[in-house]
$ cat data30.cif   # mmCIF, C-alpha atoms
data_structure
#
loop_
_atom_site.group_PDB
_atom_site.id
_atom_site.type_symbol
_atom_site.label_atom_id
_atom_site.label_comp_id
_atom_site.auth_asym_id
_atom_site.auth_seq_id
_atom_site.Cartn_x
_atom_site.Cartn_y
_atom_site.Cartn_z
ATOM 1 C CA MET A 1334 0.000 0.000 0.000
ATOM 2 C CA PRO A 1335 1.522 3.354 -1.017
ATOM 3 C CA ILE A 1336 2.478 5.680 1.829
ATOM 4 C CA GLN A 1337 0.142 8.412 0.531
ATOM 5 C CA LEU A 1338 -2.809 6.039 0.701
ATOM 6 C CA ARG A 1339 -1.796 4.914 4.190
ATOM 7 C CA ILE A 1340 -1.584 8.506 5.398
ATOM 8 C CA LEU A 1341 -4.956 9.315 3.839
ATOM 9 C CA ALA A 1342 -6.515 6.225 5.433
ATOM 10 C CA ILE A 1343 -5.074 7.125 8.843
ATOM 11 C CA VAL A 1344 -6.326 10.705 8.603
ATOM 12 C CA LEU A 1345 -9.796 9.584 7.497
ATOM 13 C CA ALA A 1346 -9.998 6.948 10.237
ATOM 14 C CA VAL A 1347 -8.988 9.456 12.909
ATOM 15 C CA LEU A 1348 -11.458 12.046 11.580
ATOM 16 C CA PHE A 1349 -14.218 9.441 11.509
ATOM 17 C CA PHE A 1350 -13.373 8.383 15.069
ATOM 18 C CA VAL A 1351 -13.325 11.992 16.310
ATOM 19 C CA TYR A 1352 -16.603 12.739 14.506
ATOM 20 C CA THR A 1353 -18.402 9.800 16.117
ATOM 21 C CA ILE A 1354 -17.118 10.778 19.561
ATOM 22 C CA ARG A 1355 -18.227 14.359 18.918
ATOM 23 C CA LEU A 1356 -21.742 13.197 18.026
ATOM 24 C CA VAL A 1357 -21.945 11.334 21.323
ATOM 25 C CA ARG A 1358 -20.573 14.260 23.337
ATOM 26 C CA LYS A 1359 -23.036 16.707 21.742
ATOM 27 C CA ASP A 1360 -25.835 14.293 22.644
ATOM 28 C CA LYS A 1361 -26.804 13.788 19.010
ATOM 29 C CA ALA A 1362 -26.183 10.056 19.252
ATOM 30 C CA GLU A 1363 -26.037 7.402 21.920
ATOM 31 C CA VAL A 1364 -22.955 5.368 22.708
ATOM 32 C CA ARG A 1365 -24.801 2.088 22.203
ATOM 33 C CA HIS A 1366 -25.654 3.096 18.634
ATOM 34 C CA MET A 1367 -22.265 4.588 17.856
ATOM 35 C CA LEU A 1368 -20.187 1.742 19.293
ATOM 36 C CA LYS A 1369 -20.171 -0.164 16.007
ATOM 37 C CA TRP A 1370 -18.942 2.938 14.187
ATOM 38 C CA LEU A 1371 -16.202 3.518 16.755
ATOM 39 C CA ILE A 1372 -15.062 -0.082 16.337
ATOM 40 C CA LEU A 1373 -15.163 0.336 12.561
ATOM 41 C CA ALA A 1374 -12.971 3.451 12.851
ATOM 42 C CA LEU A 1375 -10.466 1.518 14.968
ATOM 43 C CA ILE A 1376 -10.402 -1.322 12.428
ATOM 44 C CA MET A 1377 -9.794 1.201 9.646
ATOM 45 C CA LEU A 1378 -6.969 2.753 11.651
ATOM 46 C CA ASN A 1379 -5.360 -0.641 12.324
ATOM 47 C CA GLY A 1380 -5.674 -1.552 8.654
ATOM 48 C CA ALA A 1381 -3.959 1.676 7.657
ATOM 49 C CA ILE A 1382 -1.155 1.320 10.207
ATOM 50 C CA PHE A 1383 -0.560 -2.413 9.647
ATOM 51 C CA PRO A 1384 -1.444 -3.075 5.967
ATOM 52 C CA LYS A 1385 0.645 -6.267 5.772
ATOM 53 C CA VAL A 1386 -1.647 -8.018 8.252
ATOM 54 C CA GLY A 1387 -4.661 -7.110 6.132
ATOM 55 C CA SER A 1388 -2.884 -8.200 2.949
ATOM 56 C CA ASN A 1389 -2.011 -11.548 4.512
ATOM 57 C CA ILE A 1390 -5.632 -12.046 5.545
ATOM 58 C CA ALA A 1391 -6.773 -11.121 2.020
ATOM 59 C CA HIS A 1392 -4.338 -13.585 0.430
ATOM 60 C CA PHE A 1393 -5.469 -16.274 2.870
ATOM 61 C CA PHE A 1394 -9.022 -15.905 1.545
ATOM 62 C CA GLY A 1395 -7.815 -15.851 -2.045
ATOM 63 C CA ILE A 1396 -8.388 -12.128 -2.561
ATOM 64 C CA GLU A 1397 -5.642 -10.311 -4.437
ATOM 65 C CA THR A 1398 -5.652 -6.918 -2.743
ATOM 66 C CA LEU A 1399 -6.356 -5.502 0.678
ATOM 67 C CA THR A 1400 -8.585 -2.887 -0.945
ATOM 68 C CA ALA A 1401 -10.879 -5.541 -2.402
ATOM 69 C CA LEU A 1402 -11.086 -7.340 0.944
ATOM 70 C CA THR A 1403 -11.813 -4.087 2.757
ATOM 71 C CA LEU A 1404 -14.503 -3.091 0.298
ATOM 72 C CA PHE A 1405 -16.107 -6.523 0.495
ATOM 73 C CA MET A 1406 -16.059 -6.505 4.303
ATOM 74 C CA LEU A 1407 -17.405 -2.959 4.586
ATOM 75 C CA VAL A 1408 -20.284 -3.695 2.223
ATOM 76 C CA GLY A 1409 -21.102 -6.804 4.259
ATOM 77 C CA ILE A 1410 -20.948 -4.908 7.549
ATOM 78 C CA LEU A 1411 -23.118 -2.098 6.196
ATOM 79 C CA LEU A 1412 -25.679 -4.598 4.895
ATOM 80 C CA ILE A 1413 -25.882 -6.233 8.323
ATOM 81 C CA ILE A 1414 -26.224 -2.844 10.042
ATOM 82 C CA SER A 1415 -28.892 -1.808 7.533
ATOM 83 C CA LEU A 1416 -30.817 -5.027 8.142
ATOM 84 C CA LYS A 1417 -30.606 -4.508 11.901
ATOM 85 C CA TYR A 1418 -31.960 -0.965 11.616
ATOM 86 C CA GLN A 1419 -34.732 -2.145 9.311
ATOM 87 C CA MET A 1420 -35.757 -4.744 11.892
ATOM 88 C CA SER A 1421 -35.775 -2.152 14.680
ATOM 89 C CA LEU A 1422 -37.811 0.199 12.476
ATOM 90 C CA ILE A 1423 -40.391 -2.516 11.872
ATOM 91 C CA SER A 1424 -40.535 -3.185 15.610
ATOM 92 C CA ALA A 1425 -40.983 0.519 16.362
ATOM 93 C CA GLU A 1426 -43.770 0.770 13.770
ATOM 94 C CA LYS A 1427 -45.595 -2.123 15.437
ATOM 95 C CA GLN A 1428 -45.216 -0.486 18.849
ATOM 96 C CA ILE A 1429 -46.510 2.834 17.495
ATOM 97 C CA LYS A 1430 -49.494 1.087 15.918
ATOM 98 C CA ASN A 1431 -50.294 -0.644 19.229
ATOM 99 C CA LEU A 1432 -49.956 2.621 21.141
ATOM 100 C CA ILE A 1433 -52.254 4.422 18.709
ATOM 101 C CA GLN A 1434 -54.840 1.685 19.143
ATOM 102 C CA GLU A 1435 -54.571 1.846 22.930
ATOM 103 C CA VAL A 1436 -54.894 5.639 22.946
ATOM 104 C CA SER A 1437 -57.921 5.410 20.643
ATOM 105 C CA LEU A 1438 -59.582 2.905 22.987
ATOM 106 C CA LEU A 1439 -58.817 5.089 26.003
ATOM 107 C CA ASN A 1440 -60.231 8.149 24.233
ATOM 108 C CA LYS A 1441 -63.374 6.210 23.418
ATOM 109 C CA LYS A 1442 -63.741 5.138 27.072
ATOM 110 C CA ILE A 1443 -63.191 8.715 28.272
ATOM 111 C CA LYS A 1444 -65.852 10.028 25.897
ATOM 112 C CA GLU A 1445 -68.272 7.326 27.059
ATOM 113 C CA LEU A 1446 -67.614 8.205 30.707
ATOM 114 C CA GLU A 1447 -68.094 11.901 29.958
ATOM 115 C CA ARG A 1448 -71.443 11.153 28.277
ATOM 116 C CA LYS A 1449 -72.544 9.111 31.269
ATOM 117 C CA ASN A 1450 -71.541 11.931 33.632
ATOM 118 C CA ASP A 1451 -73.366 14.481 31.471
ATOM 119 C CA LYS A 1452 -76.543 12.343 31.527
ATOM 120 C CA LYS A 1453 -76.349 12.012 35.313
ATOM 121 C CA GLU A 1454 -76.115 15.721 35.822
#

$ encode --input "data30.cif" --output "structure tokens"
Amino acid sequence: MPIQLRILAIVLAVLFFVYTIRLVRKDKAEVRHMLKWLILALIMLNGAIFPKVGSNIAHFFGIETLTALTLFMLVGILLIISLKYQMSLISAEKQIKNLIQEVSLLNKKIKELERKNDKKE
């Protein structure tokens, strides 16, 4: 891996790491959601600092370059993360639907009780 590419990868990994920490500190994100991104930034940093290890792993799996392995792994990781968020979105939609139904039933009961109270008076 050329030194320019290594330096660029290190700078980008550090910036990405700092950005994710900044999001947590500004209370725009929670640590539990950002942990995977922090780990990803550390993996990127390690890959940039120690490219031979990554190249050896790539060659072990029959992949010619570290870049191809990295791209393949990142796409896989992002697909898994996307699937996880989709599942949590579906779960949240179900919870919202149930809450709306419960609120509607409670509103109906309140209106019925108000009618009964109005008739009594």

$ resolve_selection --input "data30.cif" --expression "the PyMOL selection byres ((chain A and resi 1344) around 12)" --output "compact mmCIF listing (two decimals) with C-alpha atoms, keeping the file's coordinate frame"
# COMPACT_ATOMS: atom_id res chain seq x y z
CA GLN A 1337 0.14 8.41 0.53
CA LEU A 1338 -2.81 6.04 0.70
CA ARG A 1339 -1.80 4.91 4.19
CA ILE A 1340 -1.58 8.51 5.40
CA LEU A 1341 -4.96 9.32 3.84
CA ALA A 1342 -6.52 6.22 5.43
CA ILE A 1343 -5.07 7.12 8.84
CA LEU A 1345 -9.80 9.58 7.50
CA ALA A 1346 -10.00 6.95 10.24
CA VAL A 1347 -8.99 9.46 12.91
CA LEU A 1348 -11.46 12.05 11.58
CA PHE A 1349 -14.22 9.44 11.51
CA PHE A 1350 -13.37 8.38 15.07
CA VAL A 1351 -13.32 11.99 16.31
CA ALA A 1374 -12.97 3.45 12.85
CA LEU A 1375 -10.47 1.52 14.97
CA MET A 1377 -9.79 1.20 9.65
CA LEU A 1378 -6.97 2.75 11.65
CA ASN A 1379 -5.36 -0.64 12.32
CA ALA A 1381 -3.96 1.68 7.66
CA ILE A 1382 -1.16 1.32 10.21

$ residues_around --input "data30.cif" --residues "Leu1368 (chain A)" --least-positions-apart "4" --cutoff "10 Å" --atoms "all atoms listed in the file" --output "count of residues only"
8

$ resolve_selection --input "data30.cif" --expression "the PyMOL selection byres ((chain A and resi 1396-1403) around 10)" --output "PDB file with C-alpha atoms, keeping the file's coordinate frame"
ATOM      1  CA  MET A1334       0.000   0.000   0.000  1.00  0.00           C
ATOM      2  CA  MET A1377      -9.794   1.201   9.646  1.00  0.00           C
ATOM      3  CA  GLY A1380      -5.674  -1.552   8.654  1.00  0.00           C
ATOM      4  CA  PRO A1384      -1.444  -3.075   5.967  1.00  0.00           C
ATOM      5  CA  LYS A1385       0.645  -6.267   5.772  1.00  0.00           C
ATOM      6  CA  VAL A1386      -1.647  -8.018   8.252  1.00  0.00           C
ATOM      7  CA  GLY A1387      -4.661  -7.110   6.132  1.00  0.00           C
ATOM      8  CA  SER A1388      -2.884  -8.200   2.949  1.00  0.00           C
ATOM      9  CA  ASN A1389      -2.011 -11.548   4.512  1.00  0.00           C
ATOM     10  CA  ILE A1390      -5.632 -12.046   5.545  1.00  0.00           C
ATOM     11  CA  ALA A1391      -6.773 -11.121   2.020  1.00  0.00           C
ATOM     12  CA  HIS A1392      -4.338 -13.585   0.430  1.00  0.00           C
ATOM     13  CA  PHE A1393      -5.469 -16.274   2.870  1.00  0.00           C
ATOM     14  CA  PHE A1394      -9.022 -15.905   1.545  1.00  0.00           C
ATOM     15  CA  GLY A1395      -7.815 -15.851  -2.045  1.00  0.00           C
ATOM     16  CA  LEU A1404     -14.503  -3.091   0.298  1.00  0.00           C
ATOM     17  CA  PHE A1405     -16.107  -6.523   0.495  1.00  0.00           C
ATOM     18  CA  MET A1406     -16.059  -6.505   4.303  1.00  0.00           C
ATOM     19  CA  LEU A1407     -17.405  -2.959   4.586  1.00  0.00           C
ATOM     20  CA  VAL A1408     -20.284  -3.695   2.223  1.00  0.00           C
ATOM     21  CA  GLY A1409     -21.102  -6.804   4.259  1.00  0.00           C
TER      22      GLY A1409
END

$ atom_distance --input "data30.cif" --atom1 "CA of Asn1431 (chain A)" --atom2 "CA of Gln1419 (chain A)"
18.5 Å

$ atom_distance --input "data30.cif" --atom1 "CA of Ser1424 (chain A)" --atom2 "CA of Leu1438 (chain A)"
21.3 Å

$ atom_distance --input "data30.cif" --atom1 "CA of Leu1412 (chain A)" --atom2 "CA of Arg1355 (chain A)"
24.7 Å

$ axis_aligned_box --input "data30.cif" --around "region 1371-1385 of chain A" --padding-each-side "6 Å" --output "lines of an AutoDock Vina configuration file"
center_x = -7.8
center_y = -1.4
center_z = 11.3
size_x = 28.8
size_y = 21.8
size_z = 23.0
